[in-house]
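A.B. asks: I have a structure here, written as structure tokens, and I will follow up with some questions on it.
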Amino acid sequence: MRPSWPKNGFVYLLIIVAVIALFYSFFVPTDTVNEISISRVAELIQEGKVKVLTVNTDGVINLIVTEGNQDVRYISRKESGVGIGETLASLGVQPEQLAEINDLAIQKPSIWENWGLVLIQLVPLVLIGFFLVIMLRQAQSGNNQALSFGKSRARMFSGDRPTSTFGDVAGADEAKQELQEVVEFLKEPDKFTALGARIPKGVLLVGPPGTGKTLMARAVAGEAGVPFFSISGSEFVEMFVGVGASRVRDLFDQAKRNSPCIVFVDEIDAVGRQRGAGLGGSHDEREQTLNQILVEMDGFDTDTKVIVLAATNRPDILDPALLRPGRFDRRVVLDRPDRHGREAIFGVHVRGKPLEKEVSLDTLARQTPGFTGADVENAVNEAAILAARRNKRSIGMDEFQEAIERVVAGPERRSRLITDKEKKLIAYHEAGHALVQMSLPNCDPVHKVSVVARGMAGGYTITLPADDRVLYSKSKFEDELAGLMGGRTSEEIVFGDVTTGASNDLRRATQIARAMVTEYAMSDALGQRTFGQKEELIFLGREIAEQRDYSEEIASQIDHEVGIIIDNAHQRARDVLTNKRVILEAIANRLIEKETLDAPELEAIVNSPGQVSDSTMI
């Protein structure tokens, strides 16, 4: 195999030559020589004082003359075009006098004896020419930043080596079914065009953060085996007007050259928000970029096989022109997975990891309601880290349980110093939550109670629903409110005082009660209507305060109804804890002793025979 010449080898060679030339010019010693006339040279030869005589190609005569006890060097110049022998003979020098010279170099020396001088004159010219050629090449290729400022920054992934497929995506069967048509069109477009079908040019992936929108887009490209261009919406927008539109044009030009292909724009709401919102003024750069996207997606060129996938979790703020037929006319929703979806996602993320036999993916899925795919991945990773920290060779159920709690509430803070009085108060507070929730039929089952600080909470009570729930009834809300009021009520009954520990419980209870009145019409006094409208700042992309569409009298009634709902929940919690005071004491004392209780231990305490009768159930 022939060795390859380094990419910058020529540059290195020029640098070495330049260094040698500089070294020659600065460090090679040069003597100061007196110049004499050619007639004086003839006189010295006739006197027999010349020991060495040489002639250069430029007509310079170098000679060494003996004067006294030392040798002196002189130079002289002969007439151009006339040989040295003829010149000396015309001055009366005889051939036998030349023969007496010890070192007579009538032959002409090579030009390469003066290579240092040649390098000094030649190297600067070569270096200047080399740098001019490099600058011209960069300007022509567009590699310099000045000329590539308007180029697209999309990252291209080759289709022959897919990074993800539908097998890597779980818990989104409906979305995969919708996107399967896109895959089939990219693989066999003639199958659709023969029937006159038109595949959607744009597919909008909508869902909460962490539901796998980007992963789904990569999977579509991997299944189709086509090039995949990935870019973020924020990468289009720059300070200078027109740069974003230029990048959009360059992106679609690249996509058309590589068609069929997929263009994925992540967080498209950064550039696709409604135009002319009227708040904060207009943004010329963003609007021009959006206009260019609209033109590229539905312009005169309709035969390109480029499909645009975009992801956002705020479809309500997108410009209507983006969502019309011919552009993003198909919307695929990626919602939080249900229990079966979470089980499948756990199966994807535990693939290749050593698990203990007791690990049940179905149990883990039941314990993680509301988790997105990113949350599941985080929980599996935390479990693996905990197992490694404990020097285990496989991941067990204990690590998964701890990892889930870390994701939900944060890491434990056992080093936090609390007094015995605070620990007792936290124990009664959490015991009040747990007992009320276990006593009311519509509350979710209690999974664990602890007085160990975790995250920002001094203690916590974790409840897990038996099944995923979409609709909530009025009785469900009332029981949940009573459970939230259980901690504050327990403090009142046991200590006769209240603390700041229930601030988060009260905030959540107030939000639920207000939503029951204003959004869900669950108040008999106000009838079957909703109150208030939520307005949004399109330019800023966030909600502002509720816009009131009701009178001051109705506002007073809403506040009154919210107060009644919370007071009723407080009273129900008081009734439960008063009637089951013995069980409350038992749970609190056990918490003080053990710090953490799981569901079986709580059930054993609540169902202890002889402590409370069935008539105390509310």
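Following the order of the structure tokens, chains are lettered A, B, ..., residues in each are numbered from 1, and ligands are numbered from 1.
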From a DSSP pass on the backbone, collect the residues of segment 216-300 of chain A flagged as strand (DSSP E or B) and hand them back as a list in words.
C.D. replies: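 For segment 216-300 of chain A, the strand (DSSP E or B) set is Phe228, Phe229, Ser230, Ile231, Ser232, Cys261, Ile262, Val263, Phe264, Val265, Asp266 and Arg273 of chain A.
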A.B. asks: Can you pull out every residue within 7 Å of Val332 of chain A, counting only C-alpha atoms, but drop anything in the same chain fewer than 5 positions away, and send it as a ChimeraX atom specification?
C.D. replies: /A:175,204-206
A.B. asks: Can you write out the residues you just picked, keeping N, CA and C atoms, as a short mmCIF file (atom, residue, chain, number, x, y, z; two decimals), in the first residue's frame?
C.D. replies:
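Saved result, result-v3.cif, follows:
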```cif
data_model
loop_
_atom_site.label_atom_id
_atom_site.label_comp_id
_atom_site.auth_asym_id
_atom_site.auth_seq_id
_atom_site.Cartn_x
_atom_site.Cartn_y
_atom_site.Cartn_z
N ALA A 175 -49.67 6.14 16.48
CA ALA A 175 -48.79 7.05 15.75
C ALA A 175 -47.96 6.29 14.72
N LEU A 204 -47.22 16.83 11.29
CA LEU A 204 -46.92 17.54 12.54
C LEU A 204 -47.07 16.57 13.70
N LEU A 205 -45.98 16.36 14.43
CA LEU A 205 -45.98 15.50 15.61
C LEU A 205 -46.25 16.36 16.83
N VAL A 206 -47.35 16.06 17.50
CA VAL A 206 -47.81 16.88 18.62
C VAL A 206 -47.83 16.02 19.88
#
```
A.B. asks: Out of A:Ser234, A:Gln437, A:Gln571, A:Ser246, which residue has the shortest atom-to-atom distance to Leu464 of chain A when counting only C-alpha atoms?
C.D. replies: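 Among the listed residues, A:Gln437 lies closest to Leu464 of chain A.
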A.B. asks: Can you pull out every residue within 9 Å of segment 319-326 of chain A, counting only C-alpha atoms, but drop anything in the same chain fewer than 3 positions away, and send it as a PyMOL selection string?
C.D. replies: chain A and resi 200-202+204+269+272-275+290+293-294+297-298+315-316+329-331
A.B. asks: So that I have them on file, write out the residues from the current selection with all heavy atoms, as a compact mmCIF listing (two decimals), in the first residue's frame.
C.D. replies:
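out.txt was written with the following content:
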```txt
# COMPACT_ATOMS: atom_id res chain seq x y z
N PRO A 200 -49.32 13.28 2.19
CA PRO A 200 -49.15 14.58 2.85
C PRO A 200 -47.70 15.04 2.80
O PRO A 200 -46.78 14.27 3.06
CB PRO A 200 -49.60 14.29 4.29
CG PRO A 200 -50.49 13.10 4.19
CD PRO A 200 -49.95 12.28 3.07
N LYS A 201 -47.53 16.31 2.47
CA LYS A 201 -46.17 16.86 2.42
C LYS A 201 -45.62 17.12 3.81
O LYS A 201 -44.41 17.09 4.02
CB LYS A 201 -46.17 18.16 1.62
CG LYS A 201 -46.42 17.98 0.14
CD LYS A 201 -46.27 19.31 -0.58
CE LYS A 201 -46.49 19.14 -2.07
NZ LYS A 201 -46.35 20.42 -2.79
N GLY A 202 -46.49 17.43 4.74
CA GLY A 202 -46.05 17.76 6.09
C GLY A 202 -46.82 16.98 7.12
O GLY A 202 -48.04 16.83 7.04
N LEU A 204 -47.22 16.83 11.29
CA LEU A 204 -46.92 17.54 12.54
C LEU A 204 -47.07 16.57 13.70
O LEU A 204 -48.14 16.00 13.92
CB LEU A 204 -47.88 18.72 12.71
CG LEU A 204 -47.61 19.64 13.90
CD1 LEU A 204 -46.26 20.33 13.74
CD2 LEU A 204 -48.72 20.67 14.04
N ASP A 269 -42.40 25.62 16.62
CA ASP A 269 -43.09 26.80 17.13
C ASP A 269 -42.13 27.97 17.33
O ASP A 269 -42.56 29.11 17.47
CB ASP A 269 -43.79 26.47 18.45
CG ASP A 269 -42.85 25.81 19.45
OD1 ASP A 269 -42.71 24.57 19.39
OD2 ASP A 269 -42.28 26.52 20.27
N GLY A 272 -42.58 29.17 13.69
CA GLY A 272 -43.88 29.06 13.04
C GLY A 272 -45.03 29.67 13.81
O GLY A 272 -46.19 29.31 13.56
N ARG A 273 -44.76 30.59 14.74
CA ARG A 273 -45.85 31.21 15.49
C ARG A 273 -46.67 32.13 14.60
O ARG A 273 -46.22 32.55 13.53
CB ARG A 273 -45.29 31.99 16.68
CG ARG A 273 -44.66 31.10 17.73
CD ARG A 273 -44.06 31.91 18.84
NE ARG A 273 -43.44 31.05 19.84
CZ ARG A 273 -42.77 31.49 20.88
NH1 ARG A 273 -42.63 32.79 21.07
NH2 ARG A 273 -42.24 30.66 21.75
N GLN A 274 -47.85 32.43 15.08
CA GLN A 274 -48.77 33.24 14.27
C GLN A 274 -48.15 34.59 13.92
O GLN A 274 -47.53 35.25 14.76
CB GLN A 274 -50.08 33.45 15.02
CG GLN A 274 -50.91 32.18 15.16
CD GLN A 274 -52.27 32.47 15.74
OE1 GLN A 274 -52.75 33.59 15.70
NE2 GLN A 274 -52.91 31.45 16.29
N ARG A 275 -48.34 35.00 12.67
CA ARG A 275 -47.84 36.28 12.21
C ARG A 275 -48.82 37.39 12.59
O ARG A 275 -50.03 37.17 12.64
CB ARG A 275 -47.66 36.25 10.70
CG ARG A 275 -46.57 35.31 10.24
CD ARG A 275 -46.63 35.09 8.76
NE ARG A 275 -47.82 34.32 8.39
CZ ARG A 275 -48.12 33.98 7.14
NH1 ARG A 275 -47.32 34.34 6.15
NH2 ARG A 275 -49.21 33.28 6.88
N LEU A 290 -40.71 32.17 8.15
CA LEU A 290 -41.96 31.42 8.06
C LEU A 290 -42.54 31.49 6.65
O LEU A 290 -43.02 30.48 6.10
CB LEU A 290 -42.95 31.94 9.09
CG LEU A 290 -44.36 31.33 9.05
CD1 LEU A 290 -44.30 29.82 9.22
CD2 LEU A 290 -45.25 31.96 10.11
N ILE A 293 -40.73 29.09 4.45
CA ILE A 293 -41.14 27.71 4.70
C ILE A 293 -42.47 27.42 4.02
O ILE A 293 -42.67 26.35 3.42
CB ILE A 293 -41.23 27.45 6.22
CG1 ILE A 293 -39.85 27.51 6.87
CG2 ILE A 293 -41.87 26.10 6.51
CD1 ILE A 293 -39.86 27.38 8.37
N LEU A 294 -43.41 28.35 4.11
CA LEU A 294 -44.71 28.17 3.47
C LEU A 294 -44.56 28.01 1.96
O LEU A 294 -45.21 27.15 1.34
CB LEU A 294 -45.63 29.34 3.79
CG LEU A 294 -45.96 29.57 5.27
CD1 LEU A 294 -46.82 30.81 5.44
CD2 LEU A 294 -46.67 28.36 5.86
N MET A 297 -42.92 24.57 1.03
CA MET A 297 -43.77 23.40 1.25
C MET A 297 -44.91 23.30 0.26
O MET A 297 -45.42 22.21 0.00
CB MET A 297 -44.34 23.43 2.68
CG MET A 297 -43.30 23.19 3.76
SD MET A 297 -44.05 22.95 5.37
CE MET A 297 -44.95 21.41 5.12
N ASP A 298 -45.35 24.41 -0.31
CA ASP A 298 -46.47 24.36 -1.24
C ASP A 298 -46.29 25.41 -2.32
O ASP A 298 -47.12 26.29 -2.51
CB ASP A 298 -47.80 24.59 -0.50
CG ASP A 298 -48.99 24.23 -1.37
OD1 ASP A 298 -48.79 23.51 -2.36
OD2 ASP A 298 -50.11 24.67 -1.06
N PRO A 315 -49.16 23.29 19.57
CA PRO A 315 -49.76 23.47 18.25
C PRO A 315 -50.75 24.63 18.20
O PRO A 315 -51.08 25.11 17.11
CB PRO A 315 -50.47 22.13 18.01
CG PRO A 315 -50.77 21.62 19.38
CD PRO A 315 -49.63 22.07 20.25
N ASP A 316 -51.22 25.10 19.35
CA ASP A 316 -52.23 26.15 19.37
C ASP A 316 -51.67 27.51 18.98
O ASP A 316 -52.43 28.41 18.64
CB ASP A 316 -52.86 26.24 20.77
CG ASP A 316 -51.81 26.33 21.86
OD1 ASP A 316 -50.75 25.70 21.71
OD2 ASP A 316 -52.04 27.03 22.86
N ASP A 329 -50.86 19.10 6.88
CA ASP A 329 -52.27 18.75 6.88
C ASP A 329 -52.56 17.44 7.62
O ASP A 329 -53.69 16.97 7.64
CB ASP A 329 -52.80 18.65 5.45
CG ASP A 329 -51.90 17.80 4.57
OD1 ASP A 329 -50.95 17.21 5.10
OD2 ASP A 329 -52.17 17.73 3.36
N ARG A 330 -51.54 16.83 8.20
CA ARG A 330 -51.76 15.63 9.01
C ARG A 330 -51.12 15.85 10.37
O ARG A 330 -49.96 16.25 10.47
CB ARG A 330 -51.16 14.40 8.34
CG ARG A 330 -51.28 13.14 9.20
CD ARG A 330 -50.97 11.90 8.42
NE ARG A 330 -51.93 11.69 7.32
CZ ARG A 330 -52.00 10.57 6.61
NH1 ARG A 330 -51.17 9.57 6.88
NH2 ARG A 330 -52.88 10.45 5.65
N ARG A 331 -51.88 15.59 11.40
CA ARG A 331 -51.41 15.78 12.77
C ARG A 331 -51.40 14.44 13.49
O ARG A 331 -52.42 13.77 13.58
CB ARG A 331 -52.31 16.77 13.51
CG ARG A 331 -51.85 17.11 14.91
CD ARG A 331 -52.75 18.13 15.57
NE ARG A 331 -52.78 19.40 14.86
CZ ARG A 331 -53.38 20.48 15.32
NH1 ARG A 331 -54.00 20.45 16.50
NH2 ARG A 331 -53.38 21.60 14.62
```
A.B. asks: Using only C-alpha atoms, which residues sit within 10 Å of Ile512 of chain A once same-chain residues fewer than 3 positions away are excluded, as a ChimeraX atom specification?
C.D. replies: /A:477-478,480-481,506-509,515-517,519,562,565-566
A.B. asks: Measuring atom to atom with only C-alpha atoms, identify which of A:Gln533, A:Ser360, A:Thr372, A:Thr500 is nearest to Leu425 of chain A.
C.D. replies: A:Thr500
A.B. asks: Please determine, counting only C-alpha atoms, which residue among A:Arg327, A:His447, A:Arg514, A:Lys213 has the shortest atom-to-atom distance to Gly373 of chain A.
C.D. replies: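 Looking only at the distances to Gly373 of chain A, the closest residue turns out to be A:Lys213.
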A.B. asks: Run DSSP on the backbone and tell me which residues of segment 406-533 of chain A come out as helix (DSSP H, G or I); list them as a ChimeraX atom specification.
C.D. replies: /A:406-409,420-439,474-484,486-495,500-518
A.B. asks: Just the residues within 12 Å of Glu492 of chain A, please, counting only C-alpha atoms, with nothing from its chain fewer than 2 positions along; format it as a list in words.
C.D. replies: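 Selected residues are Leu425, Tyr428, His429, Gly432, Met485, Gly486, Gly487, Arg488, Thr489, Ser490, Val494, Phe495, Gly496, Asp497, Val498, Thr499, Ala502, His570, Gln571, Ala573, Arg574, Leu577 and Thr578 of chain A.
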A.B. asks: Could you state the separation of atom CA of Met522 of chain A and atom CA of Ser439 of chain A in Å, given to one decimal place?
C.D. replies: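 Separation of atom CA of Met522 of chain A and atom CA of Ser439 of chain A: 23.3 Å.
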A.B. asks: Can you tell me which residues surround Ile268 of chain A at a distance of at most 7 Å, considering only C-alpha atoms, apart from same-chain residues fewer than 3 positions away, and format the answer as a list of chain:residue names?
C.D. replies: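 What passes the distance filter is A:Gly233, A:Val265, A:Val271, A:Gly272, A:Ala310, A:Ala311, A:Thr312.
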